[in-house]
Structures are given as C-alpha cells and as structure tokens.
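S.K.: Data file model.cif (mmCIF, C-alpha atoms and all ligand atoms) is appended below.
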```
data_start
#
loop_
_atom_site.label_atom_id
_atom_site.label_comp_id
_atom_site.auth_asym_id
_atom_site.auth_seq_id
_atom_site.Cartn_x
_atom_site.Cartn_y
_atom_site.Cartn_z
CA MET A 6 7.65 11.62 30.91
CA HIS A 7 5.15 10.87 28.11
CA LYS A 8 5.67 7.84 25.90
CA ILE A 9 4.36 8.42 22.40
CA ALA A 10 4.28 5.94 19.51
CA VAL A 11 5.10 7.32 16.08
CA ILE A 12 4.03 6.08 12.66
CA GLY A 13 5.51 8.26 9.92
CA GLY A 14 3.97 6.13 7.18
CA ASP A 15 4.24 6.89 3.47
CA GLY A 16 4.95 9.72 1.07
CA ILE A 17 5.32 13.02 2.90
CA GLY A 18 4.29 11.35 6.19
CA PRO A 19 7.80 10.92 7.63
CA GLU A 20 8.83 14.51 6.72
CA ILE A 21 5.88 16.18 8.35
CA ILE A 22 6.09 13.94 11.42
CA THR A 23 9.74 14.95 11.85
CA GLU A 24 8.61 18.57 12.11
CA GLY A 25 5.82 17.66 14.48
CA LYS A 26 8.20 15.85 16.82
CA LYS A 27 10.62 18.75 16.65
CA VAL A 28 7.94 21.22 17.74
CA LEU A 29 6.52 18.98 20.48
CA ASP A 30 10.03 18.41 21.82
CA ALA A 31 10.52 22.17 21.94
CA ALA A 32 7.26 22.61 23.85
CA ALA A 33 8.30 19.88 26.29
CA GLU A 34 11.70 21.51 26.82
CA ARG A 35 10.11 24.89 27.44
CA LEU A 36 7.55 23.58 29.90
CA ASP A 37 9.85 21.07 31.49
CA PHE A 38 8.35 17.70 30.77
CA GLY A 39 9.74 14.82 28.78
CA ILE A 40 8.64 12.95 25.65
CA GLU A 41 9.98 9.57 24.69
CA TRP A 42 9.25 8.69 21.06
CA THR A 43 9.02 5.12 19.79
CA ASP A 44 9.02 4.78 16.01
CA PHE A 45 7.05 2.04 14.30
CA ASP A 46 7.80 0.95 10.77
CA ILE A 47 4.24 0.58 9.54
CA SER A 48 4.16 1.67 5.91
CA SER A 49 3.60 0.72 2.28
CA GLU A 50 7.36 0.17 2.03
CA ARG A 51 7.19 -2.57 4.62
CA TYR A 52 4.03 -3.96 3.03
CA LEU A 53 5.70 -4.19 -0.37
CA LYS A 54 8.68 -5.96 1.18
CA THR A 55 6.95 -8.32 3.62
CA GLY A 56 3.21 -8.28 2.81
CA GLU A 57 2.50 -7.03 6.35
CA LEU A 58 0.11 -4.16 7.05
CA VAL A 59 -0.51 -3.88 10.81
CA THR A 60 0.42 -7.12 12.53
CA ASP A 61 -0.92 -8.52 15.79
CA GLU A 62 2.51 -7.89 17.20
CA ASP A 63 2.29 -4.19 16.16
CA LEU A 64 -1.10 -3.92 17.83
CA LYS A 65 0.16 -5.51 20.98
CA GLU A 66 3.06 -3.07 21.19
CA LEU A 67 0.96 -0.05 20.26
CA ARG A 68 -1.58 -0.92 22.94
CA ALA A 69 0.99 0.00 25.58
CA PHE A 70 0.84 3.65 24.47
CA LYS A 71 -1.78 6.22 25.34
CA THR A 72 -1.16 8.07 22.09
CA ILE A 73 0.08 7.50 18.56
CA TYR A 74 1.37 10.33 16.38
CA PHE A 75 0.54 9.41 12.80
CA GLY A 76 1.83 10.93 9.53
CA ALA A 77 0.04 9.59 6.46
CA ILE A 78 -0.38 6.44 4.43
CA GLY A 79 -1.01 5.87 0.73
CA ASP A 80 1.19 4.78 -2.13
CA ASP A 81 0.54 4.70 -5.89
CA ARG A 82 2.14 1.27 -6.12
CA VAL A 83 -0.57 -0.28 -3.94
CA LYS A 84 -4.19 -0.78 -5.02
CA PRO A 85 -6.55 1.75 -3.36
CA GLY A 86 -8.12 0.43 -0.19
CA ILE A 87 -5.38 -1.94 0.95
CA LEU A 88 -3.34 0.52 3.01
CA GLU A 89 -6.34 2.62 4.03
CA LYS A 90 -8.23 -0.36 5.39
CA GLY A 91 -5.22 -2.43 6.43
CA ILE A 92 -3.43 0.32 8.32
CA LEU A 93 -5.42 3.45 9.12
CA LEU A 94 -8.85 1.90 9.65
CA LYS A 95 -7.31 -1.17 11.24
CA ILE A 96 -5.75 1.01 13.95
CA ARG A 97 -8.89 3.13 14.43
CA PHE A 98 -11.04 0.00 14.82
CA SER A 99 -8.60 -2.14 16.82
CA PHE A 100 -8.31 0.53 19.47
CA ASP A 101 -11.99 1.41 19.21
CA GLN A 102 -11.18 5.07 18.56
CA TYR A 103 -14.82 5.98 18.24
CA ILE A 104 -14.40 9.74 18.23
CA ASN A 105 -12.83 11.54 15.32
CA LEU A 106 -12.27 15.10 16.40
CA ARG A 107 -11.76 17.64 13.64
CA PRO A 108 -11.56 21.33 14.57
CA ILE A 109 -12.51 23.63 11.71
CA ARG A 110 -10.95 26.90 12.64
CA LEU A 111 -9.59 29.66 10.46
CA LEU A 112 -6.43 30.93 12.10
CA ASP A 113 -5.52 34.61 11.93
CA GLY A 114 -3.83 35.57 8.69
CA VAL A 115 -4.91 32.48 6.75
CA TRP A 116 -6.69 32.90 3.43
CA THR A 117 -10.11 31.31 3.06
CA PRO A 118 -11.96 30.87 -0.23
CA LEU A 119 -15.12 32.16 1.48
CA ALA A 120 -15.69 35.83 0.69
CA ASN A 121 -16.20 38.16 3.66
CA LYS A 122 -15.61 35.48 6.28
CA GLY A 123 -12.88 35.62 8.88
CA PRO A 124 -11.58 33.78 11.96
CA LYS A 125 -14.63 34.88 13.97
CA ASP A 126 -16.95 33.17 11.49
CA ILE A 127 -15.06 29.93 10.99
CA ASP A 128 -14.54 28.25 14.34
CA PHE A 129 -16.36 25.02 15.04
CA LEU A 130 -15.67 21.46 16.00
CA VAL A 131 -16.72 18.42 14.01
CA VAL A 132 -17.16 15.25 16.06
CA ARG A 133 -17.19 12.39 13.56
CA GLU A 134 -18.24 8.90 14.59
CA ASN A 135 -15.28 6.72 13.70
CA THR A 136 -16.05 3.02 13.98
CA GLU A 137 -19.45 2.34 12.39
CA ASP A 138 -21.63 3.28 9.42
CA PHE A 139 -20.40 2.30 5.95
CA TYR A 140 -16.90 1.91 7.33
CA VAL A 141 -17.56 -1.38 9.14
CA GLY A 142 -16.17 -3.30 6.18
CA ILE A 143 -19.20 -5.38 5.30
CA GLY A 144 -19.52 -5.69 1.57
CA SER A 145 -18.95 -7.85 -1.42
CA ARG A 146 -18.85 -7.81 -5.19
CA PHE A 147 -19.77 -10.88 -7.20
CA SER A 148 -21.80 -12.52 -9.97
CA GLY A 149 -24.51 -15.06 -9.35
CA SER A 150 -25.42 -16.14 -5.85
CA GLN A 151 -23.62 -15.97 -2.56
CA LYS A 152 -24.15 -16.92 1.04
CA ILE A 153 -22.16 -14.79 3.39
CA THR A 154 -21.70 -14.51 7.13
CA LEU A 155 -20.25 -11.27 8.33
CA GLU A 156 -19.22 -10.00 11.69
CA VAL A 157 -18.65 -6.64 13.34
CA VAL A 158 -16.72 -6.79 16.58
CA ARG A 159 -16.30 -3.70 18.73
CA ASP A 160 -15.34 -3.35 22.36
CA ILE A 161 -18.92 -2.51 23.29
CA TYR A 162 -20.90 -4.92 21.09
CA GLN A 163 -20.76 -7.59 18.44
CA ALA A 164 -23.06 -8.11 15.48
CA LYS A 165 -23.27 -11.03 13.09
CA PHE A 166 -24.90 -10.88 9.66
CA GLY A 167 -25.98 -13.84 7.56
CA LEU A 168 -26.83 -12.99 3.97
CA ASP A 169 -28.23 -15.22 1.30
CA ILE A 170 -28.07 -13.40 -2.02
CA GLU A 171 -29.52 -14.74 -5.25
CA SER A 172 -29.15 -12.65 -8.33
CA ASP A 173 -28.90 -12.94 -12.10
CA ALA A 174 -27.31 -9.53 -12.51
CA ASP A 175 -24.01 -9.60 -14.41
CA GLU A 176 -22.32 -8.26 -11.37
CA LEU A 177 -23.64 -7.20 -7.99
CA ALA A 178 -21.95 -5.20 -5.28
CA TYR A 179 -23.23 -4.11 -1.91
CA GLN A 180 -21.89 -2.45 1.19
CA ILE A 181 -23.71 -2.42 4.48
CA GLY A 182 -23.73 0.44 6.93
CA VAL A 183 -24.23 -0.33 10.58
CA ILE A 184 -25.18 1.97 13.42
CA THR A 185 -25.92 0.70 16.91
CA ARG A 186 -27.60 2.53 19.75
CA GLU A 187 -24.46 2.06 21.86
CA GLY A 188 -22.17 3.26 19.10
CA ALA A 189 -24.23 6.38 18.37
CA GLU A 190 -24.83 7.16 22.03
CA ARG A 191 -21.19 7.27 23.08
CA VAL A 192 -20.10 9.66 20.35
CA ILE A 193 -23.20 11.85 20.59
CA THR A 194 -22.70 12.11 24.36
CA TYR A 195 -19.11 13.17 23.75
CA ALA A 196 -20.37 15.86 21.36
CA PHE A 197 -22.91 17.15 23.90
CA ASP A 198 -20.16 17.33 26.52
CA ALA A 199 -17.97 19.24 24.06
CA ALA A 200 -20.83 21.63 23.25
CA SER A 201 -21.38 22.19 26.99
CA THR A 202 -17.86 23.58 27.31
CA ARG A 203 -18.26 25.80 24.24
CA GLU A 204 -21.24 27.81 22.96
CA GLN A 205 -23.93 25.31 23.97
CA LYS A 206 -24.92 24.62 20.40
CA LEU A 207 -24.89 21.23 18.70
CA THR A 208 -25.87 20.31 15.15
CA SER A 209 -26.50 16.69 14.20
CA VAL A 210 -25.95 15.56 10.64
CA ASP A 211 -27.88 12.73 8.98
CA LYS A 212 -29.83 11.68 5.91
CA ALA A 213 -32.81 10.36 7.84
CA ASN A 214 -35.14 11.40 5.02
CA VAL A 215 -33.80 8.67 2.72
CA LEU A 216 -31.59 6.26 4.66
CA SER A 217 -34.25 6.19 7.31
CA ASP A 218 -33.28 3.04 9.20
CA ILE A 219 -29.63 3.69 9.85
CA TYR A 220 -29.88 7.46 10.25
CA GLY A 221 -33.34 7.22 11.83
CA LEU A 222 -31.67 5.41 14.71
CA TRP A 223 -28.92 8.04 14.81
CA ARG A 224 -31.55 10.81 15.02
CA ASP A 225 -33.46 8.96 17.74
CA VAL A 226 -30.35 8.60 19.85
CA PHE A 227 -29.55 12.27 19.33
CA GLU A 228 -33.02 13.32 20.51
CA THR A 229 -32.90 11.04 23.53
CA THR A 230 -29.45 12.22 24.53
CA ALA A 231 -30.50 15.86 24.07
CA ARG A 232 -32.96 15.49 26.97
CA ARG A 233 -30.01 15.08 29.32
CA TYR A 234 -28.56 18.41 28.13
CA PRO A 235 -31.40 20.94 28.41
CA ASP A 236 -28.97 23.87 28.14
CA VAL A 237 -27.57 22.84 24.79
CA HIS A 238 -29.43 24.23 21.81
CA THR A 239 -29.83 21.48 19.18
CA GLU A 240 -30.41 21.41 15.45
CA PHE A 241 -30.56 18.81 12.68
CA SER A 242 -29.12 19.21 9.27
CA PHE A 243 -29.29 16.82 6.35
CA VAL A 244 -25.83 16.19 5.03
CA ASP A 245 -26.51 17.71 1.62
CA ALA A 246 -27.81 20.87 3.26
CA ILE A 247 -24.92 21.21 5.66
CA THR A 248 -22.42 21.45 2.80
CA MET A 249 -24.34 24.49 1.68
CA TRP A 250 -24.38 26.12 5.10
CA PHE A 251 -20.67 25.43 5.74
CA VAL A 252 -20.02 27.60 2.71
CA LYS A 253 -22.69 30.26 3.17
CA ASN A 254 -22.96 30.57 6.98
CA PRO A 255 -20.09 28.81 8.77
CA GLU A 256 -20.66 31.16 11.74
CA TRP A 257 -23.86 29.27 12.59
CA PHE A 258 -21.90 26.25 13.79
CA ASP A 259 -20.27 25.46 17.10
CA VAL A 260 -20.17 21.67 17.47
CA VAL A 261 -21.30 19.33 14.71
CA VAL A 262 -21.79 15.61 15.32
CA THR A 263 -21.94 13.30 12.35
CA PRO A 264 -21.98 9.65 11.32
CA ASN A 265 -18.73 8.35 9.91
CA MET A 266 -19.04 8.68 6.16
CA PHE A 267 -20.74 12.08 6.12
CA GLY A 268 -18.07 13.20 8.56
CA ASP A 269 -15.38 12.14 6.14
CA ILE A 270 -16.93 14.20 3.37
CA ILE A 271 -17.86 17.36 5.24
CA THR A 272 -14.49 17.64 6.98
CA ASP A 273 -12.68 17.91 3.65
CA LEU A 274 -15.02 20.80 2.92
CA GLY A 275 -14.25 22.10 6.41
CA ALA A 276 -10.53 21.78 5.73
CA MET A 277 -10.86 23.91 2.62
CA ILE A 278 -12.67 26.75 4.36
CA GLN A 279 -10.06 26.80 7.10
CA GLY A 280 -7.27 27.33 4.58
CA GLY A 281 -6.74 23.95 2.98
CA LEU A 282 -5.66 20.44 3.85
CA GLY A 283 -2.28 21.74 4.98
CA LEU A 284 -4.05 23.22 8.01
CA ALA A 285 -6.52 20.51 9.02
CA PRO A 286 -5.69 18.29 12.00
CA GLY A 287 -7.60 15.40 13.50
CA GLY A 288 -7.66 13.15 16.52
CA ASN A 289 -8.96 9.57 16.68
CA ILE A 290 -9.93 9.22 20.28
CA ASN A 291 -10.78 6.45 22.68
CA PRO A 292 -11.05 8.24 26.02
CA ARG A 293 -10.08 5.08 27.87
CA GLY A 294 -7.60 3.53 25.43
CA THR A 295 -5.03 4.32 22.78
CA SER A 296 -5.74 7.45 20.75
CA MET A 297 -4.15 8.59 17.50
CA PHE A 298 -3.49 12.08 16.15
CA GLU A 299 -2.89 12.84 12.49
CA PRO A 300 -3.24 15.47 9.79
CA ILE A 301 -6.39 14.69 7.84
CA HIS A 302 -4.60 14.95 4.49
CA GLY A 303 -3.00 11.99 2.74
CA SER A 304 0.55 11.04 1.81
CA ALA A 305 0.86 13.23 -1.32
CA PRO A 306 3.35 10.84 -3.01
CA LYS A 307 4.36 13.31 -5.69
CA TYR A 308 5.77 15.69 -3.07
CA LYS A 309 7.66 13.01 -1.16
CA GLY A 310 11.18 14.03 -0.28
CA LEU A 311 10.89 17.49 -1.84
CA GLY A 312 10.59 19.27 1.49
CA VAL A 313 7.76 21.47 0.24
CA SER A 314 4.77 20.12 2.12
CA ASN A 315 3.05 22.05 4.84
CA PRO A 316 3.68 20.50 8.28
CA MET A 317 1.17 22.74 10.07
CA ALA A 318 -1.72 20.23 10.08
CA THR A 319 0.60 17.68 11.67
CA ILE A 320 1.98 20.17 14.18
CA TRP A 321 -1.58 21.19 15.05
CA ALA A 322 -2.49 17.49 15.45
CA GLY A 323 0.49 17.39 17.83
CA SER A 324 -1.09 20.20 19.80
CA MET A 325 -4.30 18.15 20.06
CA LEU A 326 -2.23 15.21 21.24
CA LEU A 327 -0.67 17.32 23.98
CA ASP A 328 -4.09 18.49 25.06
CA HIS A 329 -5.25 14.88 25.20
CA ILE A 330 -2.40 13.84 27.52
CA GLY A 331 -3.10 16.75 29.83
CA GLU A 332 -0.33 19.11 28.70
CA HIS A 333 -2.79 21.92 28.08
CA ALA A 334 -0.28 24.77 28.36
CA ALA A 335 2.03 23.08 25.86
CA ALA A 336 -0.88 22.46 23.50
CA ASP A 337 -1.70 26.14 23.63
CA LEU A 338 1.89 27.13 23.09
CA VAL A 339 2.17 24.97 19.97
CA LEU A 340 -0.97 26.46 18.45
CA LYS A 341 0.32 29.96 19.23
CA GLY A 342 3.59 28.96 17.56
CA ILE A 343 1.72 28.04 14.39
CA GLU A 344 -0.12 31.38 14.47
CA ARG A 345 3.16 33.21 14.97
CA ALA A 346 4.77 31.46 11.96
CA ILE A 347 1.75 32.45 9.87
CA ARG A 348 1.95 36.04 11.09
CA ASP A 349 5.67 36.20 10.33
CA GLY A 350 5.19 34.72 6.87
CA VAL A 351 7.13 31.53 7.54
CA VAL A 352 4.76 29.41 5.48
CA THR A 353 5.01 26.89 2.68
CA LYS A 354 4.03 27.33 -0.94
CA ASP A 355 0.40 26.19 -0.50
CA MET A 356 -0.04 29.21 1.78
CA GLY A 357 1.72 31.58 -0.58
CA GLY A 358 5.15 31.43 1.05
CA SER A 359 8.53 30.01 0.16
CA ALA A 360 9.50 28.24 3.38
CA LYS A 361 10.50 24.60 3.26
CA THR A 362 8.83 21.98 5.42
CA SER A 363 11.74 22.01 7.87
CA ASP A 364 11.92 25.84 7.96
CA VAL A 365 8.40 25.88 9.36
CA GLY A 366 9.22 23.29 12.03
CA ASP A 367 12.50 25.03 12.92
CA TYR A 368 10.81 28.40 13.20
CA ILE A 369 7.97 27.24 15.42
CA ALA A 370 10.39 25.26 17.61
CA SER A 371 12.65 28.30 18.02
CA VAL A 372 9.69 30.56 18.86
CA LEU A 373 8.59 28.07 21.50
CA LYS A 374 11.99 27.90 23.11
CA SER A 375 12.54 31.66 23.22
C1 LIG B 401 -9.80 10.50 6.48
C2 LIG B 401 -9.47 9.66 5.28
C3 LIG B 401 -9.73 8.20 5.64
C4 LIG B 401 -11.22 8.10 5.95
C5 LIG B 401 -9.34 7.16 4.59
C6 LIG B 401 -7.90 7.33 4.14
C7 LIG B 401 -9.56 5.77 5.09
O1 LIG B 401 -10.16 10.08 4.17
O2 LIG B 401 -9.17 10.32 7.54
O3 LIG B 401 -10.68 11.35 6.37
O4 LIG B 401 -12.03 7.95 5.04
O5 LIG B 401 -11.55 8.15 7.13
MG MG B 402 -11.21 11.92 4.51
#
```
What is this file in structure tokens?
Ligand code: IPM
Ligand code: MG
M.R.:
Amino acid sequence: MHKIAVIGGDGIGPEIITEGKKVLDAAAERLDFGIEWTDFDISSERYLKTGELVTDEDLKELRAFKTIYFGAIGDDRVKPGILEKGILLKIRFSFDQYINLRPIRLLDGVWTPLANKGPKDIDFLVVRENTEDFYVGIGSRFSGSQKITLEVVRDIYQAKFGLDIESDADELAYQIGVITREGAERVITYAFDAASTREQKLTSVDKANVLSDIYGLWRDVFETTARRYPDVHTEFSFVDAITMWFVKNPEWFDVVVTPNMFGDIITDLGAMIQGGLGLAPGGNINPRGTSMFEPIHGSAPKYKGLGVSNPMATIWAGSMLLDHIGEHAAADLVLKGIERAIRDGVVTKDMGGSAKTSDVGDYIASVLKS
C-alpha cells in the first residue's frame, strides 16, 4: 500500500490530477498493489479565503508522505510570485527537493516542430538543480539606502548575508544567486549516476564566461566530480549555446545537468521539442525525503473547467512517481498506456485530436486494465 499526498491546486490542476489518479489506480489494480490518496486543499482559492499559502501544519502533514502528486498553481486574481513562491517553491525548498528531473523525450506519433527529427533524436534527461541559484529568494527593490540581513537555510548548509546598500538611484533592485559546493555536488553526482545508467554522456550547462563566480564554482564542482566517473564522457555548454543545439542537434544529448534558472528556461524549450507543454512531466526529488511529481506546465486558468486540457504530462509525471516508489513495472505500463492513446488517436485538441481531458484518462485506464 502506497500513501500518496495530492495537491490539485488551481485552474486545470484538479482536472488533470483526477485523470492522473485514475490511471495510477488502474495500474495499481492491474499489478496488484494499493494506493491511498490524501487530498490537500492548498490552492489560490484557499489563499483568497484565508490568506494561507502552505502552512506549517500542511508541511508537517506532508512530511509523512514519500511522494506528493501535484497539479498546478497560478491564478489571475493573485499577483505574480505569491503563489509560485508561497506554494510551489515553498514545498520544493521545505523538503529540500534538490533534483528536478525533466525527461525530454519525443514519444512515437507525436508531432515536433523540429524538421526531420524523430523519437530516436529527441530522448534525453535534464537534471535541474532545484534549491539554489537565483531561486533562493534573496532580493529587494527600494529607493535610497538599506541594510539587510538575509538567510538561506537548507538541510545541508546555512548561509547568512549582510548587505549595506547606499544608492541615490531613483529605484534599485537586486537579486542574489547562490551556489554552494555542497549544493552543486549533490545534484551533479546524481546526474553522473543517471548518465552511468544511460549512454554515459553528460553535458553541464553554465554561463561561466560572464557570471564567473557563481557558475565558475558550478563548473569546478562538475570537473572534480567527473574524475570519479572516468567512463562518462563530459561536455560543457553555455546556456545560450545549448538553446541552439537543442533545436539543431537534440540527438547529441543524453543527460544534461544545469543550475536552477537555466534549467527552468531550457526545459520549456525541451517541452516544445517533445510535443508541447501538454507532454512534459517533472519530478522534484529528495532521494531521502518527500518528493513531488508534477506536469511542468501551469494552471492555464482560461481552460479551467472546460475539460479540454491535455492530462498526459500529469499522467507521465505519475509514471515517474511510480518509478520513484519502486513500482517500475507500473511506471512502464503507464507510459505505454500514454503511447497507446497517442497511437489510437485518443488525444486532446493541442495534439490535433478531439478527446476531452477525461476521455484520455478513461482510455489509458481501460487499456491498462485490459
Ligand atoms: C517550473 C515553473 C516554476 C519554476 C515557477 C512556477 C516557480 O516555471 O516549474 O518550471 O520557475 O521553477
Ligand atoms: Mg518553468
């Protein structure tokens, strides 16, 4: 029996999560294990009613689960940044989910905007650092002078910053990126391990030519870690260059490891070459704690309740969740189910079909059970 926490969230989140649960339940039934779902009301709706984002009580309860299945958050009625930072990033950071795993894989029968590229060319894994860099939340915007003390607290280290800023600019804003040796090392090691089980090829992304302190450290750690993996072929790519190569030569890549912010950007590009955001799943992983699986797309408020959104990214994220909890056969089955629905044309409008969100979930669930 696996206990899984569920956060449907906002917009289309609850609809796509319903389909994900349906499919995972079908896989569990077929392979004879159990799933017990526990729903959490963490959403913009609750925030607008009570002012609460993720409470300490929520965190305490969520901590009891090995995995969280997450839909999406985001709501036009709330100022940008509040829900993203207060819910999604809060969970990633609180549970120190330092690995953000994003497979970029073109499934059979899916259209890609890249000419003359097929499933054999587009199949790599992006390992995005998920707790540091410009995401640590150190920044400010002000006029005049300010003295600020700032703190970053992670399971593996703490860092305190004291800043004394004097300025006569009309307005000044800054944001600080932080990378630590420990933080880089753990995610880069994970990426080397992943590469060792695949094609023994790992590309590291940085911008060490300009942001030479922060990404200089990243590159150093990469080079040092590489010595422990003599069989893995390594390469560096500057982030601007990698966007080019993802488009022109996606077949060059096997595993790509990247600092947080560049990872955010290049995985939207990755999503597009694998058929769009409707087909891009992700996992926020802490190998020893609570991990969270989600589609990488947002809450698409304008499609809320219409039943037209593509649940495949969420179902695929469910497959990654199953893999994470050791149900490898079920994970495989779910991914095959998605491929079968694509082959049989049971796809939503974004993929050129006419199926509703629930038709896709129903179909995959029925394929799994048969
Ligand atoms: C993602 C999203 C998030 C991120 C936002 C919503 C905080 O874009 O998961 O890629 O930047 O990590
Ligand atoms: Mg993103």
S.K.: Near Val28 in chain A, within 9 Å and counting only C-alpha atoms, which residues show up once chain neighbours fewer than 3 positions away are dropped, as a PyMOL selection string?
M.R.: chain A and resi 23-25+31-33+320+323+339+342+366-371+373
S.K.: Which residues of range 81-133 of chain A have any atom within 6 Å of an atom in range 245-260 of chain A when counting only C-alpha atoms, and what is the closest pair of atoms for each, with the distance in Å to one decimal? Order the rows by chain and rising number and write it as JSON lines.
M.R.:
```
{"residue": "A:Asp126", "atom": "CA", "partner": "A:Glu256", "partner_atom": "CA", "distance": 4.2}
{"residue": "A:Ile127", "atom": "CA", "partner": "A:Pro255", "partner_atom": "CA", "distance": 5.6}
{"residue": "A:Phe129", "atom": "CA", "partner": "A:Asp259", "partner_atom": "CA", "distance": 4.4}
{"residue": "A:Leu130", "atom": "CA", "partner": "A:Val260", "partner_atom": "CA", "distance": 4.7}
{"residue": "A:Val131", "atom": "CA", "partner": "A:Val260", "partner_atom": "CA", "distance": 5.9}
```
S.K.: Go ahead and fit an axis-aligned box to every listed atom of ligand LIG 401 (chain B) plus 6 Å each side, and pass me the centre and edge lengths in Å, one decimal, as JSON.
M.R.:
```
{"center_x": -10.0, "center_y": 8.6, "center_z": 5.8, "size_x": 16.1, "size_y": 17.6, "size_z": 15.4}
```
S.K.: Neighbours of ligand MG 402 (chain B) at 10 Å or closer, counting only C-alpha atoms and all ligand atoms: which residues, as an NGL selection string?
M.R.: :A and (265-274 or 276 or 301-303)
S.K.: If you measure from CA of Lys26 in chain A to atom O4 of ligand LIG 401 (chain B), what distance in Å do you get, rounded to one decimal?
M.R.: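 Computing the Euclidean distance for CA of Lys26 in chain A and atom O4 of ligand LIG 401 (chain B) yields 24.7 Å.
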S.K.: If the limit is 10 Å from any atom of ligand LIG 401 (chain B), counting all atoms listed in the file, which residues qualify? Return them as a ChimeraX atom specification.
M.R.: /A:77-79,85-95,97,105,107,133,135-136,140,265-273,286-289,299-304
S.K.: Please indicate the distance in Å from CA of Lys54 in chain A to CA of Pro306 in chain A, rounded to one decimal place.
M.R.: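 Taking CA of Lys54 in chain A as the start and CA of Pro306 in chain A as the end point, the length is 18.1 Å.
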S.K.: Could you name the residues that touch Ile143 in chain A at 10 Å or less, counting all atoms listed in the file, but leaving out those on the same chain fewer than 3 positions away, as a list of chain:residue names?
M.R.: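 Counting only the stated atoms, we get A:Asp138, A:Phe139, A:Tyr140, A:Thr154, A:Leu155, A:Glu156, A:Val157, A:Phe166, A:Tyr179, A:Gln180, A:Ile181, A:Gly182, A:Val183.
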S.K.: Ranking A:Ala200, A:Trp116, A:Ile184, A:Val132 by minimum distance to Leu216 in chain A and counting only C-alpha atoms, which one comes first?
M.R.: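 Using only C-alpha atoms, Leu216 in chain A sits closest to A:Ile184.
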S.K.: Kindly provide the residues of range 94-195 of chain A that approach range 57-66 of chain A to within 10 Å, each paired with its closest atom pair and their distance in Å to one decimal, based on all atoms listed in the file, listed by chain and increasing number, as JSON lines.
M.R.:
```
{"residue": "A:Lys95", "atom": "CA", "partner": "A:Val59", "partner_atom": "CA", "distance": 7.3}
{"residue": "A:Ile96", "atom": "CA", "partner": "A:Leu64", "partner_atom": "CA", "distance": 7.8}
{"residue": "A:Ser99", "atom": "CA", "partner": "A:Leu64", "partner_atom": "CA", "distance": 7.8}
{"residue": "A:Phe100", "atom": "CA", "partner": "A:Leu64", "partner_atom": "CA", "distance": 8.6}
```
S.K.: I'd like the interatomic distance between CA of Met317 in chain A and CA of Ser375 in chain A, to a tenth of an Å.
M.R.: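 Computed distance, CA of Met317 in chain A to CA of Ser375 in chain A, equals 19.5 Å.
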S.K.: For each of A:Glu171, A:Ala213, A:Gln151, A:Leu29, take the minimum atom-to-atom distance to Ile343 in chain A, counting only C-alpha atoms, then give the residue where this is smallest.
M.R.: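 Looking at the shortest contact to Ile343 in chain A, the residue is A:Leu29.
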S.K.: Nearest to Glu187 in chain A among A:Glu137, A:Val215, A:Arg146, A:Ser172, with distances taken over all atoms listed in the file: which residue is it?
M.R.: A:Glu137
S.K.: List the neighbours of Asn214 in chain A out to 12 Å using all atoms listed in the file; skip same-chain residues closer than 5 positions along the sequence, and give me the result as a ChimeraX atom specification.
M.R.: /A:219-222,224,241-245
S.K.: Compare A:Asp328, A:Asp46, A:Asp173, A:Asp160 by their minimum atom-to-atom distance to Gly294 in chain A, counting all atoms listed in the file, and give me the closest one.
M.R.: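 Answer, going by the shortest atom-to-atom distance: A:Asp160.
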S.K.: Using all atoms listed in the file, give me every residue within 8 Å of (-28.0, -12.1, 3.8) in file coordinates, as a PyMOL selection string.
M.R.: chain A and resi 152-154+166-170
S.K.: Determine, counting only C-alpha atoms, which protein, DNA and RNA residues have an atom within 12 Å of an atom of Thr117 in chain A; residues of the same chain fewer than 6 positions away are not included. Present the result as JSON, numbers by chain.
M.R.: {"A": [109, 110, 111, 123, 124, 126, 127, 252, 255, 274, 275, 276, 277, 278, 279, 280, 281, 282, 284, 356]}
S.K.: Which one of A:Val352, A:Val313, A:Val141, A:Ile347 sits closest to Thr185 in chain A if you count all atoms listed in the file?
M.R.: A:Val141
S.K.: Name the residues in contact with Thr230 in chain A at a cut-off of 9 Å, using all atoms listed in the file, excluding same-chain residues fewer than 4 positions from it; report them as a compact mmCIF listing (two decimals) with C-alpha atoms, in the coordinates of the input.
M.R.:
```txt
# COMPACT_ATOMS: atom_id res chain seq x y z
CA GLU A 190 -24.83 7.16 22.03
CA ILE A 193 -23.20 11.85 20.59
CA THR A 194 -22.70 12.11 24.36
CA PHE A 197 -22.91 17.15 23.90
CA ASP A 225 -33.46 8.96 17.74
CA VAL A 226 -30.35 8.60 19.85
CA TYR A 234 -28.56 18.41 28.13
```
